[in-house]
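The next block is structure14.cif, given as mmCIF, C-alpha atoms.
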data_data
#
loop_
_atom_site.label_atom_id
_atom_site.label_comp_id
_atom_site.auth_asym_id
_atom_site.auth_seq_id
_atom_site.Cartn_x
_atom_site.Cartn_y
_atom_site.Cartn_z
CA MET A 29 1.56 -82.59 -74.71
CA SER A 30 -1.71 -83.66 -73.10
CA GLN A 31 -3.34 -81.32 -70.62
CA THR A 32 -4.11 -82.19 -67.02
CA LYS A 33 -7.62 -81.87 -65.62
CA ASN A 34 -6.65 -78.64 -63.86
CA GLN A 35 -5.11 -77.17 -67.03
CA ARG A 36 -8.30 -77.91 -68.96
CA PHE A 37 -10.34 -76.31 -66.17
CA TRP A 38 -8.32 -73.07 -66.09
CA ASN A 39 -8.08 -72.81 -69.87
CA ARG A 40 -11.84 -73.18 -70.10
CA ILE A 41 -12.65 -70.51 -67.53
CA ALA A 42 -9.79 -68.09 -68.34
CA ALA A 43 -11.90 -65.52 -70.18
CA ARG A 44 -14.59 -65.57 -67.48
CA TYR A 45 -11.92 -65.33 -64.78
CA ALA A 46 -10.32 -62.32 -66.49
CA ALA A 47 -13.67 -60.52 -66.75
CA ARG A 48 -14.61 -61.09 -63.12
CA PRO A 49 -14.35 -57.91 -61.01
CA LEU A 50 -12.30 -57.91 -57.82
CA LYS A 51 -14.43 -58.66 -54.77
CA ASN A 52 -12.43 -56.38 -52.48
CA VAL A 53 -10.37 -53.74 -54.29
CA ALA A 54 -9.09 -52.16 -51.07
CA ALA A 55 -7.76 -55.50 -49.79
CA TYR A 56 -6.04 -56.21 -53.12
CA GLU A 57 -4.43 -52.77 -53.19
CA ALA A 58 -3.23 -53.22 -49.61
CA MET A 59 -1.63 -56.54 -50.53
CA LEU A 60 0.08 -55.01 -53.59
CA ALA A 61 1.44 -52.19 -51.43
CA ASP A 62 2.83 -54.66 -48.91
CA VAL A 63 4.51 -56.76 -51.60
CA ALA A 64 5.98 -53.66 -53.28
CA ALA A 65 7.43 -52.49 -49.96
CA ARG A 66 9.35 -55.79 -49.66
CA LEU A 67 10.91 -55.57 -53.13
CA THR A 68 14.08 -53.81 -54.27
CA PRO A 69 15.02 -52.42 -57.72
CA THR A 70 17.68 -55.13 -58.18
CA ASP A 71 15.39 -58.10 -57.44
CA HIS A 72 14.85 -60.93 -59.88
CA VAL A 73 11.36 -62.24 -59.17
CA LEU A 74 9.59 -65.43 -60.18
CA GLU A 75 5.81 -65.60 -59.90
CA ILE A 76 4.22 -69.04 -59.94
CA GLY A 77 0.59 -69.27 -61.06
CA CYS A 78 0.29 -65.69 -62.32
CA GLY A 79 -3.17 -66.19 -63.84
CA THR A 80 -4.05 -63.35 -66.20
CA GLY A 81 -1.07 -61.30 -65.08
CA GLY A 82 -2.62 -58.31 -63.36
CA THR A 83 -0.49 -58.58 -60.22
CA ALA A 84 2.71 -59.11 -62.22
CA ILE A 85 2.05 -56.05 -64.38
CA ARG A 86 1.42 -53.88 -61.33
CA LEU A 87 4.55 -55.01 -59.44
CA ALA A 88 7.09 -55.44 -62.26
CA PRO A 89 8.13 -51.76 -62.29
CA HIS A 90 9.50 -52.18 -58.74
CA VAL A 91 12.15 -54.78 -59.69
CA ALA A 92 14.86 -55.60 -62.22
CA GLN A 93 12.99 -58.57 -63.71
CA TRP A 94 9.59 -60.14 -63.15
CA ARG A 95 9.12 -63.59 -64.68
CA ALA A 96 5.46 -64.64 -64.45
CA THR A 97 4.43 -68.24 -65.15
CA ASP A 98 1.22 -70.23 -65.35
CA PHE A 99 0.38 -73.68 -66.66
CA SER A 100 -2.73 -72.33 -68.42
CA SER A 101 -1.94 -71.18 -71.96
CA GLU A 102 -5.20 -69.24 -72.07
CA MET A 103 -4.34 -67.33 -68.91
CA ILE A 104 -0.95 -66.39 -70.35
CA ARG A 105 -2.50 -65.41 -73.70
CA ILE A 106 -4.80 -62.97 -71.90
CA ALA A 107 -1.94 -61.67 -69.74
CA ARG A 108 0.28 -60.93 -72.73
CA ALA A 109 -2.47 -58.84 -74.33
CA LYS A 110 -2.85 -56.50 -71.35
CA PRO A 111 -1.46 -52.95 -71.27
CA GLY A 112 1.93 -52.96 -69.54
CA ALA A 113 2.56 -56.64 -70.25
CA GLY A 114 5.82 -55.80 -71.99
CA ALA A 115 7.46 -55.18 -68.61
CA VAL A 116 6.87 -58.83 -67.63
CA ARG A 117 8.34 -62.04 -69.02
CA PHE A 118 5.25 -64.27 -69.29
CA GLU A 119 5.72 -68.03 -69.79
CA VAL A 120 3.47 -71.08 -70.02
CA THR A 121 4.92 -73.64 -67.63
CA ASP A 122 3.96 -75.53 -64.49
CA ALA A 123 5.18 -74.63 -61.03
CA ALA A 124 8.01 -77.17 -60.81
CA GLN A 125 9.43 -76.41 -64.26
CA ALA A 126 9.16 -72.65 -63.65
CA LEU A 127 11.88 -72.87 -61.03
CA GLY A 128 14.58 -73.37 -63.65
CA GLY A 129 16.72 -70.30 -64.18
CA GLY A 130 17.25 -69.39 -60.55
CA PRO A 131 18.35 -68.51 -58.03
CA PHE A 132 15.70 -65.83 -57.53
CA ASP A 133 15.61 -63.06 -54.95
CA VAL A 134 11.85 -63.40 -54.49
CA ILE A 135 9.35 -66.08 -55.45
CA CYS A 136 5.66 -65.12 -55.36
CA ALA A 137 2.74 -67.54 -55.34
CA PHE A 138 -0.67 -65.91 -55.00
CA ASN A 139 -3.66 -68.24 -54.61
CA VAL A 140 -1.97 -71.19 -56.28
CA LEU A 141 -0.23 -73.40 -53.69
CA HIS A 142 -3.48 -75.16 -52.76
CA LEU A 143 -3.62 -76.41 -56.38
CA VAL A 144 -0.26 -78.21 -56.56
CA GLU A 145 -0.08 -82.00 -56.30
CA ASP A 146 2.92 -82.24 -53.96
CA LEU A 147 3.11 -79.14 -51.77
CA PRO A 148 6.05 -80.22 -49.55
CA ASP A 149 8.14 -81.05 -52.61
CA LEU A 150 7.34 -77.73 -54.30
CA LEU A 151 8.12 -75.73 -51.16
CA GLU A 152 11.49 -77.50 -50.90
CA ARG A 153 12.18 -76.68 -54.56
CA ILE A 154 11.22 -73.05 -53.98
CA HIS A 155 13.60 -72.88 -51.02
CA ALA A 156 16.41 -74.45 -53.06
CA ASN A 157 15.91 -71.97 -55.92
CA LEU A 158 15.97 -68.83 -53.79
CA ALA A 159 19.17 -66.92 -53.24
CA PRO A 160 20.41 -66.86 -49.62
CA GLY A 161 18.18 -64.41 -47.77
CA GLY A 162 15.51 -64.69 -50.51
CA GLN A 163 11.80 -64.37 -49.84
CA LEU A 164 8.74 -66.48 -50.54
CA ILE A 165 5.68 -64.21 -50.65
CA CYS A 166 2.44 -66.15 -50.91
CA LYS A 167 -1.28 -65.94 -50.38
CA THR A 168 -2.93 -69.33 -50.08
CA TRP A 169 -6.53 -70.47 -49.86
CA CYS A 170 -6.76 -72.74 -46.81
CA PHE A 171 -10.32 -73.77 -47.54
CA ALA A 172 -10.23 -76.74 -45.18
CA ASP A 173 -10.77 -74.14 -42.44
CA LEU A 174 -14.13 -73.09 -43.90
CA PRO A 175 -17.34 -74.30 -42.20
CA TRP A 176 -18.14 -77.89 -43.17
CA ARG A 177 -21.44 -76.86 -44.77
CA VAL A 178 -19.48 -74.76 -47.25
CA ARG A 179 -16.79 -77.39 -47.84
CA ALA A 180 -19.46 -80.00 -48.55
CA LEU A 181 -20.45 -78.10 -51.70
CA PHE A 182 -17.01 -78.25 -53.33
CA PRO A 183 -17.19 -81.91 -54.50
CA VAL A 184 -20.53 -81.12 -56.12
CA PHE A 185 -19.09 -78.04 -57.83
CA ARG A 186 -16.13 -80.12 -59.03
CA MET A 187 -18.42 -82.74 -60.55
CA ILE A 188 -20.18 -80.10 -62.65
CA GLY A 189 -16.96 -78.37 -63.69
CA LEU A 190 -17.17 -75.32 -61.42
CA PHE A 191 -14.28 -76.11 -59.06
CA PRO A 192 -10.71 -77.27 -59.77
CA VAL A 193 -8.83 -80.16 -58.23
CA ALA A 194 -7.44 -78.59 -55.05
CA ARG A 195 -5.69 -79.55 -51.82
CA PRO A 196 -7.92 -79.01 -48.74
CA LEU A 197 -5.33 -77.16 -46.69
CA HIS A 198 -5.61 -76.12 -43.06
CA GLU A 199 -3.77 -72.92 -42.23
CA HIS A 200 -1.73 -74.50 -39.42
CA ALA A 201 -0.68 -77.34 -41.73
CA PHE A 202 0.32 -74.91 -44.44
CA ARG A 203 2.44 -72.86 -42.03
CA GLN A 204 4.12 -76.05 -40.83
CA ALA A 205 4.86 -77.12 -44.42
CA VAL A 206 6.57 -73.76 -45.02
CA LEU A 207 8.66 -74.20 -41.87
CA ASP A 208 9.48 -77.81 -42.75
CA ALA A 209 10.86 -76.64 -46.11
CA GLY A 210 13.49 -74.62 -44.23
CA PHE A 211 11.91 -71.17 -44.17
CA ALA A 212 11.49 -68.74 -41.30
CA ILE A 213 8.07 -67.06 -41.38
CA GLU A 214 8.55 -63.31 -41.07
CA ASP A 215 4.99 -62.10 -41.46
CA HIS A 216 1.46 -63.49 -41.48
CA LEU A 217 -1.31 -61.10 -42.50
CA VAL A 218 -4.88 -61.20 -43.73
CA PHE A 219 -6.13 -58.70 -46.29
CA GLY A 220 -9.90 -58.44 -46.37
CA ASN A 221 -12.45 -60.57 -44.56
CA TYR A 222 -11.30 -64.08 -45.49
CA ARG A 223 -9.09 -65.43 -42.73
CA GLN A 224 -8.89 -68.67 -44.68
CA ASN A 225 -6.75 -66.84 -47.28
CA PRO A 226 -3.62 -65.88 -45.29
CA TYR A 227 -0.72 -63.89 -46.75
CA ILE A 228 2.62 -65.26 -45.57
CA VAL A 229 6.11 -63.88 -46.05
CA ALA A 230 8.86 -66.43 -45.44
CA ARG A 231 12.62 -66.08 -45.79
CA LYS A 232 15.48 -68.39 -46.58
CA SER A 233 18.38 -67.97 -44.18
CA ALA A 234 21.07 -65.62 -45.45
CA GLY A 235 23.59 -68.30 -44.58
CA SER A 236 21.79 -71.12 -46.40
CA THR A 237 23.24 -72.51 -49.61
CA VAL A 238 20.55 -75.14 -50.23
#

Would you mind writing the structure in this file as structure tokens?
Amino acid sequence: MSQTKNQRFWNRIAARYAARPLKNVAAYEAMLADVAARLTPTDHVLEIGCGTGGTAIRLAPHVAQWRATDFSSEMIRIARAKPGAGAVRFEVTDAAQALGGGPFDVICAFNVLHLVEDLPDLLERIHANLAPGGQLICKTWCFADLPWRVRALFPVFRMIGLFPVARPLHEHAFRQAVLDAGFAIEDHLVFGNYRQNPYIVARKSAGSTV
């Protein structure tokens, strides 16, 4: 199967991405703690765009099953080699195909939804593949809200292979897309200093069957 431009990008930078230190450890730990507090020991969780698996490995002990997926085979190869990876079911698959096997109690998507081609369609699929009362927990880079001088650099970075193909999301548009997919937004937080990277917890109605 041929690779997309984004798959080639992430496969190429996977090792460098894995070696890169966290910019804000305290903010990351705070996010992990918040996610963990929303999980239960009986939850079946799907993570879309798990990257090199660090978040999945940290959170998997809190639930019955954590299935972590990414369309980059190199990212998954690195994830599977990490200590603690045995507690996670890692798979190479894209976001839409990952939704097979539901319904899930929780679907997580950390810093990946700005990369999908058809966000409204994926959010509708996520909603359909959650159990009634299920949660979508996501953190999404809404880089369209950055100053224009910063945004102007991204096409240049993309031309020289330093930036992936990405959707220039505005935060208000992203929130509306989540609502339009049928979710109720329960929480909206920011961990760290980047307000353009909001953390949103949304829930499917307990009475919803679709």

Restricting to all atoms listed in the file, whichever of A:Gln224, A:Thr80, A:Asn139, A:Thr97 is closest to Thr168 in chain A is A:Asn139

Quick one: which residues end up in the PyMOL selection byres ((chain A and resi 223) around 12) for this structure, as number ranges by chain? A: 167-174, 198-199, 216-222, 224-227

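Against the coordinates shown, the PyMOL selection byres ((chain A and resi 70) around 6) returns Thr68, Pro69, Asp71, Val91 and Ala92 of chain A.
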
Task: Who sits within 12 Å of Arg231 in chain A, all atoms listed in the file, same chain under 6 positions skipped, as a ChimeraX atom specification - done: /A:66,133-136,151,154-156,158-166,206-207,209-215

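Across the structure, CA of Leu74 in chain A and CA of Arg95 in chain A are spaced 4.9 Å apart.
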
Residues at most 9 Å from Ile85 in chain A, counting all atoms listed in the file, excluding those fewer than 5 positions away in the same chain, as a VMD selection string?
chain A and resid 94 107 110 to 116

List as number ranges by chain: which residues have an atom within 12 Å of (1.0, -68.2, -69.7), counting only C-alpha atoms? A: 35, 38-39, 42, 75-81, 84, 95-109, 113, 116-123, 126

Those residues you just picked out, can you put them in a file as a PDB file, in the frame of the given file with C-alpha atoms?
ATOM      1  CA  GLN A  35      -5.110 -77.170 -67.030  1.00  0.00           C
ATOM      2  CA  TRP A  38      -8.320 -73.070 -66.090  1.00  0.00           C
ATOM      3  CA  ASN A  39      -8.080 -72.810 -69.870  1.00  0.00           C
ATOM      4  CA  ALA A  42      -9.790 -68.090 -68.340  1.00  0.00           C
ATOM      5  CA  GLU A  75       5.810 -65.600 -59.900  1.00  0.00           C
ATOM      6  CA  ILE A  76       4.220 -69.040 -59.940  1.00  0.00           C
ATOM      7  CA  GLY A  77       0.590 -69.270 -61.060  1.00  0.00           C
ATOM      8  CA  CYS A  78       0.290 -65.690 -62.320  1.00  0.00           C
ATOM      9  CA  GLY A  79      -3.170 -66.190 -63.840  1.00  0.00           C
ATOM     10  CA  THR A  80      -4.050 -63.350 -66.200  1.00  0.00           C
ATOM     11  CA  GLY A  81      -1.070 -61.300 -65.080  1.00  0.00           C
ATOM     12  CA  ALA A  84       2.710 -59.110 -62.220  1.00  0.00           C
ATOM     13  CA  ARG A  95       9.120 -63.590 -64.680  1.00  0.00           C
ATOM     14  CA  ALA A  96       5.460 -64.640 -64.450  1.00  0.00           C
ATOM     15  CA  THR A  97       4.430 -68.240 -65.150  1.00  0.00           C
ATOM     16  CA  ASP A  98       1.220 -70.230 -65.350  1.00  0.00           C
ATOM     17  CA  PHE A  99       0.380 -73.680 -66.660  1.00  0.00           C
ATOM     18  CA  SER A 100      -2.730 -72.330 -68.420  1.00  0.00           C
ATOM     19  CA  SER A 101      -1.940 -71.180 -71.960  1.00  0.00           C
ATOM     20  CA  GLU A 102      -5.200 -69.240 -72.070  1.00  0.00           C
ATOM     21  CA  MET A 103      -4.340 -67.330 -68.910  1.00  0.00           C
ATOM     22  CA  ILE A 104      -0.950 -66.390 -70.350  1.00  0.00           C
ATOM     23  CA  ARG A 105      -2.500 -65.410 -73.700  1.00  0.00           C
ATOM     24  CA  ILE A 106      -4.800 -62.970 -71.900  1.00  0.00           C
ATOM     25  CA  ALA A 107      -1.940 -61.670 -69.740  1.00  0.00           C
ATOM     26  CA  ARG A 108       0.280 -60.930 -72.730  1.00  0.00           C
ATOM     27  CA  ALA A 109      -2.470 -58.840 -74.330  1.00  0.00           C
ATOM     28  CA  ALA A 113       2.560 -56.640 -70.250  1.00  0.00           C
ATOM     29  CA  VAL A 116       6.870 -58.830 -67.630  1.00  0.00           C
ATOM     30  CA  ARG A 117       8.340 -62.040 -69.020  1.00  0.00           C
ATOM     31  CA  PHE A 118       5.250 -64.270 -69.290  1.00  0.00           C
ATOM     32  CA  GLU A 119       5.720 -68.030 -69.790  1.00  0.00           C
ATOM     33  CA  VAL A 120       3.470 -71.080 -70.020  1.00  0.00           C
ATOM     34  CA  THR A 121       4.920 -73.640 -67.630  1.00  0.00           C
ATOM     35  CA  ASP A 122       3.960 -75.530 -64.490  1.00  0.00           C
ATOM     36  CA  ALA A 123       5.180 -74.630 -61.030  1.00  0.00           C
ATOM     37  CA  ALA A 126       9.160 -72.650 -63.650  1.00  0.00           C
TER      38      ALA A 126
END

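The interatomic distance for the pair CA of Ser236 in chain A and CA of Val140 in chain A works out to 25.7 Å.
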
- Translate the PyMOL selection byres ((chain A and resi 48-65) around 7), as applied to the file shown, into an explicit residue set as a count of residues only. 10

CA of His142 in chain A sits from CA of Pro196 in chain A at a separation of 7.1 Å

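With all atoms listed in the file as the atoms that count, the residue of A:Arg36, A:Arg177, A:His72, A:Arg203 with the shortest distance to Leu147 in chain A is A:Arg203.
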